[in-house]
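In what follows, a single structure is set out as structure tokens and then discussed.
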Amino acid sequence: MPSNRYADIQQEPFPHLVVEGALSSSDYEQLLSGWNTAIVVKGIARYAKENRTPAQEFPWKHTLAAQLMDAFHISGEPTIGRYMLRRTGYTLPPHIDPPNFILTILHYLPTEHQRDDIGTVLYHTQTPVYHSSDGAEYFTEACEPVKAVLFKPNTVLAFLNTPYSAHGIERFPEDRLAYQWHVVNA
């Protein structure tokens, strides 16, 4: 994975990076095949054995995490990920991720003939949202959509989790599968 692909961090509406062709073909196939061994509960898929380390889960994860952390000038540890199957009609209002996440990484896993306009929407907000709990925090004021990341195979969206990192999607017009993981404080 050439490091120059990680140099173009976009600052608006908040620090983020989109990398197409993020994994080698064999690593991407490994990520896709992991979906077949996952257990799905309420649209979130987890492995039967949750006691694995991120390196045992996918050997490429530490390399990609190191490249992303270097690009964003942060340090931390990658987490075990989860497959997220969002069903048709699911809505995800603008929100920020839980406070223990420094960096959020989404791998898009579309099917062969799936629409590419169902990626994550990045929003601009005038007012930051601060956490009142350990979970995600949703924006109560209006957020302005700024950018929609295309839902393309082997594409990664990575972004810093800041009080301004509003992201979501208004409504999924069809099922969407992604693999999400994070970088947390070491």
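For the structure tokens, the naming scheme is as follows: chains receive sequential letters (A, B, ...) according to their order of presentation, residues are indexed from 1 within each chain, and ligands are indexed from 1 in presentation order.
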
Inset, instruction - Please run DSSP on the backbone and report, as a list in words, all residues within chain A that come out as alpha helix (DSSP H). - result: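 Reading the DSSP output for chain A, alpha helix (DSSP H) covers Ser25, Ser26, Asp27, Tyr28, Glu29, Gln30, Leu31, Leu32, Ser33, Gly34, Pro54, Ala55, Gln56, Glu57, Lys61, His62, Thr63, Leu64, Ala65, Ala66, Gln67, Leu68, Met69, Asp70, Ala71 and Phe72 of chain A.
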
Inset, instruction - Find the residues near region 14-17 of chain A: any atom within 7 Å, counting only C-alpha atoms, skip ones fewer than 4 places away on the same chain, and give them as a list of chain:residue names. - result: A:Asp8, A:Ile9, A:Gln10, A:Leu157, A:Ala158, A:Phe159, A:Leu160, A:Tyr164, A:Ser165

Legend entry - Residues near Ala71 (chain A), cut-off 10 Å, only C-alpha atoms, skip fewer than 3 positions along chain, as a PyMOL selection string: chain A and resi 3-9+17+65-68+74

Tell me which protein, DNA and RNA residues are within 9 Å of His167 (chain A), counting only C-alpha atoms, leaving out same-chain ones fewer than 3 positions away, and put them as an mmCIF file with N, CA, C and O atoms, in the first residue's frame.
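Writing done, so here's out-v7.cif:
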data_model
loop_
_atom_site.group_PDB
_atom_site.id
_atom_site.type_symbol
_atom_site.label_atom_id
_atom_site.label_comp_id
_atom_site.auth_asym_id
_atom_site.auth_seq_id
_atom_site.Cartn_x
_atom_site.Cartn_y
_atom_site.Cartn_z
ATOM 1 N N LEU A 92 -29.838 6.843 9.373
ATOM 2 C CA LEU A 92 -28.753 7.103 10.308
ATOM 3 C C LEU A 92 -28.537 8.613 10.346
ATOM 4 O O LEU A 92 -27.862 9.183 9.498
ATOM 5 N N PRO A 93 -29.166 9.292 11.337
ATOM 6 C CA PRO A 93 -29.067 10.754 11.400
ATOM 7 C C PRO A 93 -27.622 11.205 11.658
ATOM 8 O O PRO A 93 -26.796 10.424 12.137
ATOM 9 N N PRO A 94 -27.327 12.465 11.376
ATOM 10 C CA PRO A 94 -25.986 12.978 11.649
ATOM 11 C C PRO A 94 -25.602 12.750 13.121
ATOM 12 O O PRO A 94 -26.380 13.050 14.027
ATOM 13 N N HIS A 95 -24.399 12.224 13.319
ATOM 14 C CA HIS A 95 -23.933 11.896 14.668
ATOM 15 C C HIS A 95 -22.412 11.890 14.700
ATOM 16 O O HIS A 95 -21.768 11.906 13.661
ATOM 17 N N ILE A 96 -21.865 11.856 15.908
ATOM 18 C CA ILE A 96 -20.444 11.599 16.096
ATOM 19 C C ILE A 96 -20.328 10.277 16.830
ATOM 20 O O ILE A 96 -21.238 9.869 17.553
ATOM 21 N N ASP A 97 -19.197 9.613 16.639
ATOM 22 C CA ASP A 97 -18.992 8.295 17.232
ATOM 23 C C ASP A 97 -18.621 8.396 18.713
ATOM 24 O O ASP A 97 -18.294 9.484 19.198
ATOM 25 N N THR A 120 -21.449 7.114 2.833
ATOM 26 C CA THR A 120 -21.624 7.945 4.021
ATOM 27 C C THR A 120 -21.671 9.415 3.637
ATOM 28 O O THR A 120 -20.886 9.875 2.820
ATOM 29 N N VAL A 121 -22.609 10.156 4.250
ATOM 30 C CA VAL A 121 -22.724 11.592 4.030
ATOM 31 C C VAL A 121 -21.979 12.302 5.156
ATOM 32 O O VAL A 121 -22.160 11.985 6.335
ATOM 33 N N LEU A 122 -21.130 13.253 4.780
ATOM 34 C CA LEU A 122 -20.408 14.074 5.752
ATOM 35 C C LEU A 122 -21.111 15.427 5.832
ATOM 36 O O LEU A 122 -21.436 16.026 4.805
ATOM 37 N N TYR A 123 -21.342 15.899 7.057
ATOM 38 C CA TYR A 123 -22.130 17.103 7.280
ATOM 39 C C TYR A 123 -21.282 18.218 7.891
ATOM 40 O O TYR A 123 -20.344 17.961 8.633
ATOM 41 N N HIS A 124 -21.689 19.437 7.612
ATOM 42 C CA HIS A 124 -21.111 20.606 8.267
ATOM 43 C C HIS A 124 -22.080 21.050 9.351
ATOM 44 O O HIS A 124 -23.289 21.063 9.141
ATOM 45 N N PRO A 145 -25.500 18.827 4.538
ATOM 46 C CA PRO A 145 -24.689 17.827 3.842
ATOM 47 C C PRO A 145 -23.655 18.513 2.960
ATOM 48 O O PRO A 145 -23.977 19.436 2.223
#

So that I can see what lies close to Thr125 (chain A), please list as a tab-separated table (two decimals) with C-alpha atoms, in the first residue's frame the residues with an atom at most 8 Å from it, counting only C-alpha atoms and leaving out residues fewer than 2 positions away in the same chain.
chain	number	residue	atom	x	y	z
A	123	TYR	CA	-22.13	17.10	7.28
A	127	THR	CA	-22.16	23.92	16.76
A	128	PRO	CA	-19.99	21.09	18.10
A	142	ALA	CA	-29.70	21.21	11.37
A	143	CYS	CA	-26.61	19.88	9.65
A	144	GLU	CA	-25.75	20.74	6.08
A	164	TYR	CA	-17.69	18.39	14.40
A	166	ALA	CA	-21.13	14.69	11.81

Legend entry - Sel. of strand (DSSP E) residues, chain A, as a count of residues only: 62

Legend entry - Neighbour list for region 110-113 of chain A as a list in words, cut-off 7 Å, only C-alpha atoms, skip fewer than 6 positions in-chain: Phe151, Lys152, Pro153, Arg176 and Leu177 of chain A

Inset, instruction - Report the distance between CA of Ala148 (chain A) and CA of Asn185 (chain A) in Å, rounded to one decimal place. - result: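 Atom-to-atom, CA of Ala148 (chain A) and CA of Asn185 (chain A) are spaced 28.2 Å apart.
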
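For the pair CA of Arg87 (chain A) and CA of Gln114 (chain A), the interatomic distance is 13.4 Å.
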
Inset, instruction - Between A:Tyr179, A:Leu106, A:Thr162, A:Pro173, single out the one closest to Pro13 (chain A), counting only C-alpha atoms. - result: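 Looking only at the distances to Pro13 (chain A), the closest residue turns out to be A:Thr162.
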
Inset, instruction - Quick one: pull the distance between CA of Val18 (chain A) and CA of Val149 (chain A), Å, one decimal. - result: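 If I compute the distance from CA of Val18 (chain A) to CA of Val149 (chain A), I get 7.6 Å.
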